[in-house]
>>> print(open('protein-v4.csv').read())   # CSV, C-alpha atoms
chain,number,residue,atom,x,y,z
O,1,MET,CA,3.5,16.3,-19.0
O,2,LYS,CA,1.8,13.1,-17.9
O,3,LYS,CA,4.4,10.6,-16.9
O,4,ILE,CA,4.3,7.0,-15.4
O,5,LEU,CA,7.4,5.3,-14.1
O,6,MET,CA,7.3,1.6,-13.2
O,7,TYR,CA,9.7,-0.5,-11.1
O,8,SER,CA,9.0,-4.1,-11.8
O,9,PRO,CA,10.9,-7.2,-13.2
O,10,ASN,CA,7.7,-8.5,-14.9
O,11,LYS,CA,8.0,-7.8,-18.6
O,12,GLU,CA,4.3,-8.7,-19.3
O,13,ARG,CA,3.1,-6.3,-16.7
O,14,ILE,CA,5.4,-3.6,-17.9
O,15,ALA,CA,4.1,-4.0,-21.4
O,16,ILE,CA,0.5,-3.7,-20.3
O,17,PHE,CA,1.2,-0.5,-18.4
O,18,LYS,CA,3.2,0.9,-21.3
O,19,GLU,CA,0.3,0.2,-23.7
O,20,VAL,CA,-2.3,1.7,-21.4
O,21,ALA,CA,0.0,4.8,-20.7
O,22,GLN,CA,0.2,5.4,-24.4
O,23,GLN,CA,-3.6,5.3,-24.7
O,24,PHE,CA,-3.7,8.0,-22.1
O,25,HIS,CA,-1.1,10.1,-23.9
O,26,SER,CA,1.4,9.6,-21.0
O,27,VAL,CA,5.1,9.0,-21.2
O,28,PHE,CA,6.0,5.6,-19.7
O,29,VAL,CA,9.5,4.8,-18.4
O,30,GLN,CA,10.7,1.5,-16.8
O,31,ILE,CA,13.1,2.0,-13.9
O,32,SER,CA,15.4,-0.4,-12.1
O,33,ASP,CA,17.7,-0.6,-9.1
O,34,GLU,CA,20.2,1.6,-10.7
O,35,GLN,CA,17.8,4.6,-10.3
O,36,LEU,CA,17.1,4.1,-6.6
O,37,LYS,CA,19.7,6.6,-5.5
O,38,LEU,CA,18.2,9.4,-7.6
O,39,THR,CA,15.7,11.9,-6.2
O,40,VAL,CA,12.1,11.7,-7.3
O,41,ASN,CA,12.6,14.9,-9.3
O,42,LEU,CA,15.6,13.4,-11.2
O,43,VAL,CA,14.0,10.1,-11.9
O,44,PHE,CA,11.0,11.9,-13.5
O,45,LEU,CA,13.5,13.5,-15.9
O,46,LEU,CA,14.3,10.1,-17.5
O,47,GLU,CA,12.9,9.7,-21.0
O,48,GLU,CA,14.0,6.1,-21.8
O,49,ASP,CA,13.5,2.7,-20.2
O,50,LYS,CA,16.2,1.8,-17.8
O,51,ASP,CA,16.4,-2.0,-17.9
O,52,GLY,CA,18.3,-3.6,-15.1
O,53,SER,CA,17.9,-5.6,-11.9
O,54,HIS,CA,15.0,-5.3,-9.5
O,55,ARG,CA,16.4,-7.0,-6.5
O,56,GLU,CA,16.3,-4.2,-3.9
O,57,PHE,CA,12.5,-4.2,-3.5
O,58,GLU,CA,10.1,-7.1,-4.0
O,59,ASN,CA,7.1,-5.0,-4.6
O,60,GLU,CA,6.1,-3.4,-7.9
O,61,TYR,CA,5.9,0.4,-7.8
O,62,ILE,CA,4.1,2.8,-10.1
O,63,LEU,CA,5.1,6.5,-9.9
O,64,ILE,CA,2.7,9.1,-11.3
O,65,ASP,CA,3.1,12.7,-12.2
O,66,GLY,CA,0.7,15.1,-14.1
O,67,ILE,CA,-2.3,12.8,-14.0
O,68,SER,CA,-5.5,13.7,-12.2
O,69,LYS,CA,-7.2,11.4,-9.8
O,70,GLU,CA,-10.0,10.9,-12.3
O,71,GLU,CA,-7.6,10.0,-15.1
O,72,LEU,CA,-5.7,7.7,-12.7
O,73,SER,CA,-8.9,5.9,-11.8
O,74,ILE,CA,-9.7,5.4,-15.5
O,75,LEU,CA,-6.1,4.3,-16.2
O,76,PHE,CA,-6.2,1.7,-13.5
O,77,GLU,CA,-9.6,0.4,-14.6
O,78,ALA,CA,-8.0,-0.2,-18.1
O,79,VAL,CA,-5.0,-1.9,-16.5
O,80,ASN,CA,-7.2,-4.0,-14.2
O,81,GLU,CA,-9.0,-5.4,-17.2
O,82,LYS,CA,-5.8,-7.1,-18.1
O,83,ILE,CA,-3.9,-7.7,-14.8
O,84,GLU,CA,-4.3,-7.5,-11.1
O,85,THR,CA,-2.8,-4.5,-9.5
O,86,ASP,CA,-3.8,-4.7,-5.8
O,87,ALA,CA,-0.3,-5.7,-4.7
O,88,MET,CA,1.3,-2.8,-6.5
O,89,ILE,CA,2.3,0.4,-4.7
O,90,THR,CA,1.2,3.6,-6.4
O,91,ILE,CA,3.0,6.8,-5.6
O,92,ILE,CA,2.1,10.3,-6.8
O,93,LYS,CA,4.9,12.8,-7.1
O,94,THR,CA,4.3,15.7,-4.7
O,95,VAL,CA,6.1,18.8,-3.4
O,96,HIS,CA,6.7,16.8,-0.2
O,97,ASN,CA,8.4,13.8,-1.8
O,98,GLN,CA,10.1,15.3,-4.9
O,99,ASN,CA,13.5,15.6,-3.2
O,100,TRP,CA,13.4,12.2,-1.5
O,101,LEU,CA,15.7,9.5,-2.7
O,102,LEU,CA,13.6,7.0,-4.7
O,103,SER,CA,14.8,4.1,-2.4
O,104,ASP,CA,13.7,6.1,0.7
O,105,LEU,CA,10.3,6.8,-0.9
O,106,PHE,CA,9.8,3.1,-1.8
O,107,LEU,CA,10.7,2.0,1.7
O,108,GLU,CA,8.3,4.6,3.3
O,109,THR,CA,5.4,3.8,1.0
O,110,LYS,CA,5.9,0.0,1.6
O,111,GLU,CA,5.7,0.6,5.3
O,112,GLU,CA,2.6,2.8,4.9
O,113,LYS,CA,1.0,0.1,2.8
O,114,GLU,CA,1.7,-2.6,5.4
O,115,LEU,CA,0.3,-0.3,8.1
O,116,MET,CA,-2.9,0.4,6.1
O,117,GLU,CA,-3.3,-3.4,5.6
O,118,LYS,CA,-3.2,-3.9,9.4
O,119,VAL,CA,-5.5,-1.0,10.0
O,120,LEU,CA,-8.0,-2.4,7.5
O,121,GLU,CA,-7.8,-5.8,9.2
O,122,LEU,CA,-8.4,-4.3,12.6
O,123,GLU,CA,-11.3,-2.3,11.2
O,124,ASN,CA,-12.8,-5.5,9.8
O,125,ILE,CA,-12.5,-7.3,13.1
O,126,LEU,CA,-14.3,-4.3,14.8
O,127,LEU,CA,-17.1,-4.4,12.2
O,128,GLN,CA,-17.5,-8.1,12.7
O,129,SER,CA,-17.6,-7.7,16.4
O,130,ASN,CA,-20.9,-6.0,16.1
O,131,GLN,CA,-22.3,-9.4,15.3
O,132,LEU,CA,-20.5,-11.0,18.3
O,133,ASP,CA,-22.5,-12.8,20.9
O,134,LEU,CA,-20.5,-12.1,24.1
O,135,ASN,CA,-22.6,-14.7,25.9
O,136,SER,CA,-20.8,-17.4,23.9
O,137,PHE,CA,-17.6,-16.6,25.9
O,138,GLU,CA,-16.7,-17.5,29.4
O,139,GLU,CA,-17.6,-14.8,32.0
O,140,GLY,CA,-14.1,-13.5,32.5
O,141,GLN,CA,-13.4,-13.3,28.8
O,142,LYS,CA,-16.4,-10.9,28.2
O,143,GLY,CA,-14.7,-8.0,30.0
O,144,ASP,CA,-11.3,-8.7,28.3
O,145,ILE,CA,-12.9,-8.8,24.9
O,146,LYS,CA,-14.9,-5.6,25.6
O,147,ASN,CA,-11.7,-3.8,26.8
O,148,ALA,CA,-9.7,-5.1,23.8
O,149,LEU,CA,-12.4,-3.9,21.4
O,150,MET,CA,-12.6,-0.5,23.0
O,151,MET,CA,-8.8,-0.1,23.0
O,152,ALA,CA,-8.7,-1.0,19.3
O,153,TYR,CA,-11.5,1.4,18.5
O,154,MET,CA,-9.9,4.2,20.5
O,155,THR,CA,-6.5,3.6,18.8
O,156,LEU,CA,-8.1,3.9,15.3
O,157,MET,CA,-10.1,7.0,16.3
O,158,GLN,CA,-7.0,8.9,17.5
O,159,GLY,CA,-5.7,8.6,13.9
O,160,LYS,CA,-2.0,8.4,14.9
O,161,PHE,CA,-0.6,5.0,15.4
O,162,GLU,CA,2.4,2.7,14.6
O,163,LYS,CA,2.3,-0.6,12.9
O,164,GLU,CA,3.5,-2.4,16.1
O,165,GLN,CA,0.7,-0.8,18.1
O,166,ILE,CA,-1.9,-2.0,15.5
O,167,GLN,CA,-0.3,-5.5,15.3
O,168,LYS,CA,-0.4,-5.8,19.1
O,169,GLN,CA,-4.1,-5.0,19.1
O,170,LEU,CA,-4.8,-7.4,16.3
O,171,ASP,CA,-2.9,-10.2,18.1
O,172,GLU,CA,-4.8,-9.6,21.3
O,173,LEU,CA,-8.2,-9.5,19.7
O,174,LYS,CA,-7.5,-12.7,17.7
O,175,ARG,CA,-6.2,-14.4,20.8
O,176,LEU,CA,-9.3,-13.5,22.8
O,177,LEU,CA,-11.8,-14.3,20.1
O,178,ARG,CA,-10.3,-17.7,19.5
O,179,ARG,CA,-10.9,-18.7,23.2
O,180,LYS,CA,-14.6,-19.4,23.0
O,181,ARG,CA,-15.9,-21.8,25.7
>>> encode(input="protein-v4.csv", output="structure tokens")
Amino acid sequence: MKKILMYSPNKERIAIFKEVAQQFHSVFVQISDEQLKLTVNLVFLLEEDKDGSHREFENEYILIDGISKEELSILFEAVNEKIETDAMITIIKTVHNQNWLLSDLFLETKEEKELMEKVLELENILLQSNQLDLNSFEEGQKGDIKNALMMAYMTLMQGKFEKEQIQKQLDELKRLLRRKR
């Protein structure tokens, strides 16, 4: 069964997702703070909207089960015609997360989203550095910038990193790139 769960206080956005979900023959259920202590498996057993508070998490979350990647892409295209969804966190139910508490899953995916935003920012700085004229910097800064760029590149290439590590590299590159002569 195709199912979409949504954690959001925004009634307009909920209504849009509900409408689109129905067009895709999917069951839609609104969830709230009261369901955060349920496992992912249990929350997907809900059949009726659970109106309540949404104070525990500031982000909006969409949980998906039984919908293919292609269908999900088409579904979000339909939703994006009506509202912006970039800030939402989308979670697909998996064997790995099905026994997690919903609150733990929300926290983990929020942290992953924040990490990915930092990684994308660092990748963007590295891409822009290809256009960088190192001669526009003081002599001592050139080596520092080259080293910082190489460290950032190597960090991203290793594929395993922490948010703090990425943030440190971002801060260092921004600091160095601001100090033009």
>>> residues_around(input="protein-v4.csv", residues="segment 105-113 of chain O", least_positions_apart="3", cutoff="9 Å", atoms="all atoms listed in the file", output="PyMOL selection string")
chain O and resi 36+40+57+59+61+89-91+97+100-102+116-118+163
>>> residues_around(input="protein-v4.csv", residues="segment 124-131 of chain O", least_positions_apart="3", cutoff="7 Å", atoms="all atoms listed in the file", output="PDB file with C-alpha atoms, in the frame of the given file")
ATOM      1  CA  LEU O 120      -8.000  -2.400   7.500  1.00  0.00           C
ATOM      2  CA  GLU O 121      -7.800  -5.800   9.200  1.00  0.00           C
ATOM      3  CA  LEU O 149     -12.400  -3.900  21.400  1.00  0.00           C
TER       4      LEU O 149
END
>>> residues_around(input="protein-v4.csv", residues="Pro9 of chain O", least_positions_apart="5", cutoff="10 Å", atoms="only C-alpha atoms", output="PyMOL selection string")
chain O and resi 14+30-32+51-55+58-60
>>> atom_distance(input="protein-v4.csv", atom1="atom CA of Phe137 of chain O", atom2="atom CA of Leu177 of chain O")
8.5 Å
>>> closest_residue(input="protein-v4.csv", among="O:Leu42, O:Leu72, O:Met157, O:Leu134", to="Leu176 of chain O", atoms="only C-alpha atoms")
O:Leu134
>>> closest_residue(input="protein-v4.csv", among="O:Glu71, O:Asp171, O:Glu56, O:Glu139", to="Ser26 of chain O", atoms="all atoms listed in the file")
O:Glu71
>>> residues_around(input="protein-v4.csv", residues="Thr94 of chain O", least_positions_apart="6", cutoff="10 Å", atoms="all atoms listed in the file", output="number ranges by chain")
O: 40-41, 64-65
>>> closest_residue(input="protein-v4.csv", among="O:Val29, O:Leu122, O:Leu156, O:Met1", to="Ser68 of chain O", atoms="all atoms listed in the file")
O:Met1
>>> atom_distance(input="protein-v4.csv", atom1="atom CA of Gln169 of chain O", atom2="atom CA of Ala152 of chain O")
6.1 Å
>>> closest_residue(input="protein-v4.csv", among="O:Lys142, O:Lys93, O:Arg13, O:Lys18", to="Thr39 of chain O", atoms="only C-alpha atoms")
O:Lys93
>>> closest_residue(input="protein-v4.csv", among="O:Gly140, O:Tyr153, O:Lys174, O:Lys3", to="Phe44 of chain O", atoms="only C-alpha atoms")
O:Lys3
>>> atom_distance(input="protein-v4.csv", atom1="atom CA of Ile62 of chain O", atom2="atom CA of Glu34 of chain O")
16.2 Å
>>> closest_residue(input="protein-v4.csv", among="O:Gln167, O:Asn10, O:Gln22, O:Gln158", to="Ala78 of chain O", atoms="all atoms listed in the file")
O:Gln22
>>> decode(input="protein-v4.csv", residues="segment 38-70 of chain O", atoms="N, CA, C and O atoms", output="mmCIF file, in the first residue's frame")
data_model
loop_
_atom_site.group_PDB
_atom_site.id
_atom_site.type_symbol
_atom_site.label_atom_id
_atom_site.label_comp_id
_atom_site.auth_asym_id
_atom_site.auth_seq_id
_atom_site.Cartn_x
_atom_site.Cartn_y
_atom_site.Cartn_z
ATOM 1 N N LEU O 38 6.355 6.491 18.838
ATOM 2 C CA LEU O 38 6.052 5.243 18.134
ATOM 3 C C LEU O 38 7.221 4.868 17.230
ATOM 4 O O LEU O 38 7.976 5.731 16.783
ATOM 5 N N THR O 39 7.327 3.587 16.920
ATOM 6 C CA THR O 39 8.313 3.176 15.928
ATOM 7 C C THR O 39 7.777 3.531 14.540
ATOM 8 O O THR O 39 6.574 3.740 14.360
ATOM 9 N N VAL O 40 8.669 3.558 13.586
ATOM 10 C CA VAL O 40 8.275 3.855 12.208
ATOM 11 C C VAL O 40 7.234 2.831 11.742
ATOM 12 O O VAL O 40 6.225 3.197 11.129
ATOM 13 N N ASN O 41 7.455 1.557 12.038
ATOM 14 C CA ASN O 41 6.476 0.523 11.675
ATOM 15 C C ASN O 41 5.095 0.840 12.222
ATOM 16 O O ASN O 41 4.096 0.745 11.505
ATOM 17 N N LEU O 42 5.033 1.200 13.496
ATOM 18 C CA LEU O 42 3.734 1.465 14.126
ATOM 19 C C LEU O 42 3.062 2.717 13.575
ATOM 20 O O LEU O 42 1.849 2.732 13.376
ATOM 21 N N VAL O 43 3.836 3.740 13.323
ATOM 22 C CA VAL O 43 3.235 4.975 12.819
ATOM 23 C C VAL O 43 2.645 4.755 11.422
ATOM 24 O O VAL O 43 1.642 5.360 11.061
ATOM 25 N N PHE O 44 3.235 3.839 10.650
ATOM 26 C CA PHE O 44 2.691 3.559 9.318
ATOM 27 C C PHE O 44 1.412 2.719 9.375
ATOM 28 O O PHE O 44 0.735 2.567 8.373
ATOM 29 N N LEU O 45 1.078 2.216 10.552
ATOM 30 C CA LEU O 45 -0.193 1.501 10.706
ATOM 31 C C LEU O 45 -1.375 2.440 10.927
ATOM 32 O O LEU O 45 -2.528 2.026 10.822
ATOM 33 N N LEU O 46 -1.094 3.703 11.218
ATOM 34 C CA LEU O 46 -2.160 4.680 11.441
ATOM 35 C C LEU O 46 -2.965 4.869 10.159
ATOM 36 O O LEU O 46 -2.412 4.917 9.067
ATOM 37 N N GLU O 47 -4.267 4.993 10.329
ATOM 38 C CA GLU O 47 -5.158 5.165 9.179
ATOM 39 C C GLU O 47 -5.848 6.522 9.161
ATOM 40 O O GLU O 47 -6.374 6.937 8.145
ATOM 41 N N GLU O 48 -5.866 7.211 10.307
ATOM 42 C CA GLU O 48 -6.573 8.493 10.406
ATOM 43 C C GLU O 48 -5.616 9.594 10.832
ATOM 44 O O GLU O 48 -4.648 9.341 11.552
ATOM 45 N N ASP O 49 -5.921 10.814 10.406
ATOM 46 C CA ASP O 49 -5.118 11.970 10.801
ATOM 47 C C ASP O 49 -5.063 12.077 12.315
ATOM 48 O O ASP O 49 -6.056 11.836 13.008
ATOM 49 N N LYS O 50 -3.883 12.450 12.807
ATOM 50 C CA LYS O 50 -3.665 12.652 14.228
ATOM 51 C C LYS O 50 -3.307 14.110 14.438
ATOM 52 O O LYS O 50 -2.156 14.499 14.430
ATOM 53 N N ASP O 51 -4.334 14.918 14.580
ATOM 54 C CA ASP O 51 -4.125 16.347 14.777
ATOM 55 C C ASP O 51 -3.606 16.570 16.190
ATOM 56 O O ASP O 51 -4.022 15.904 17.127
ATOM 57 N N GLY O 52 -2.694 17.458 16.329
ATOM 58 C CA GLY O 52 -2.117 17.759 17.632
ATOM 59 C C GLY O 52 -1.011 18.778 17.471
ATOM 60 O O GLY O 52 -0.898 19.437 16.447
ATOM 61 N N SER O 53 -0.186 18.887 18.490
ATOM 62 C CA SER O 53 0.881 19.884 18.455
ATOM 63 C C SER O 53 2.040 19.410 17.580
ATOM 64 O O SER O 53 2.223 18.224 17.342
ATOM 65 N N HIS O 54 2.807 20.392 17.140
ATOM 66 C CA HIS O 54 4.005 20.143 16.333
ATOM 67 C C HIS O 54 5.124 21.023 16.888
ATOM 68 O O HIS O 54 5.714 21.826 16.174
ATOM 69 N N ARG O 55 5.400 20.867 18.166
ATOM 70 C CA ARG O 55 6.374 21.721 18.845
ATOM 71 C C ARG O 55 7.748 21.075 18.975
ATOM 72 O O ARG O 55 8.738 21.759 19.184
ATOM 73 N N GLU O 56 7.821 19.771 18.878
ATOM 74 C CA GLU O 56 9.090 19.062 19.113
ATOM 75 C C GLU O 56 10.106 19.293 17.998
ATOM 76 O O GLU O 56 11.302 19.328 18.262
ATOM 77 N N PHE O 57 9.640 19.437 16.773
ATOM 78 C CA PHE O 57 10.537 19.633 15.629
ATOM 79 C C PHE O 57 10.033 20.801 14.807
ATOM 80 O O PHE O 57 8.849 20.901 14.510
ATOM 81 N N GLU O 58 10.956 21.677 14.430
ATOM 82 C CA GLU O 58 10.567 22.840 13.643
ATOM 83 C C GLU O 58 10.438 22.518 12.164
ATOM 84 O O GLU O 58 9.726 23.196 11.443
ATOM 85 N N ASN O 59 11.138 21.487 11.713
ATOM 86 C CA ASN O 59 11.065 21.101 10.300
ATOM 87 C C ASN O 59 9.762 20.373 10.000
ATOM 88 O O ASN O 59 9.132 19.813 10.886
ATOM 89 N N GLU O 60 9.420 20.372 8.712
ATOM 90 C CA GLU O 60 8.310 19.547 8.238
ATOM 91 C C GLU O 60 8.916 18.249 7.710
ATOM 92 O O GLU O 60 9.959 18.267 7.065
ATOM 93 N N TYR O 61 8.224 17.149 7.987
ATOM 94 C CA TYR O 61 8.711 15.837 7.564
ATOM 95 C C TYR O 61 7.643 15.132 6.746
ATOM 96 O O TYR O 61 6.463 15.181 7.080
ATOM 97 N N ILE O 62 8.101 14.466 5.693
ATOM 98 C CA ILE O 62 7.250 13.615 4.880
ATOM 99 C C ILE O 62 7.841 12.218 4.985
ATOM 100 O O ILE O 62 9.034 12.020 4.735
ATOM 101 N N LEU O 63 7.019 11.245 5.347
ATOM 102 C CA LEU O 63 7.453 9.851 5.415
ATOM 103 C C LEU O 63 6.723 9.082 4.331
ATOM 104 O O LEU O 63 5.506 9.230 4.175
ATOM 105 N N ILE O 64 7.464 8.258 3.608
ATOM 106 C CA ILE O 64 6.943 7.579 2.432
ATOM 107 C C ILE O 64 7.131 6.074 2.577
ATOM 108 O O ILE O 64 8.182 5.612 3.019
ATOM 109 N N ASP O 65 6.123 5.312 2.137
ATOM 110 C CA ASP O 65 6.266 3.860 2.063
ATOM 111 C C ASP O 65 5.473 3.363 0.856
ATOM 112 O O ASP O 65 4.358 3.827 0.590
ATOM 113 N N GLY O 66 6.081 2.438 0.109
ATOM 114 C CA GLY O 66 5.400 1.803 -1.013
ATOM 115 C C GLY O 66 5.341 2.627 -2.279
ATOM 116 O O GLY O 66 4.585 2.302 -3.197
ATOM 117 N N ILE O 67 6.115 3.673 -2.354
ATOM 118 C CA ILE O 67 6.112 4.546 -3.531
ATOM 119 C C ILE O 67 7.494 4.471 -4.177
ATOM 120 O O ILE O 67 8.514 4.658 -3.509
ATOM 121 N N SER O 68 7.525 4.196 -5.465
ATOM 122 C CA SER O 68 8.808 4.081 -6.179
ATOM 123 C C SER O 68 9.468 5.452 -6.314
ATOM 124 O O SER O 68 8.825 6.492 -6.158
ATOM 125 N N LYS O 69 10.758 5.449 -6.638
ATOM 126 C CA LYS O 69 11.485 6.702 -6.833
ATOM 127 C C LYS O 69 10.867 7.515 -7.960
ATOM 128 O O LYS O 69 10.767 8.738 -7.876
ATOM 129 N N GLU O 70 10.449 6.838 -9.026
ATOM 130 C CA GLU O 70 9.841 7.533 -10.157
ATOM 131 C C GLU O 70 8.519 8.184 -9.728
ATOM 132 O O GLU O 70 8.253 9.343 -10.059
#
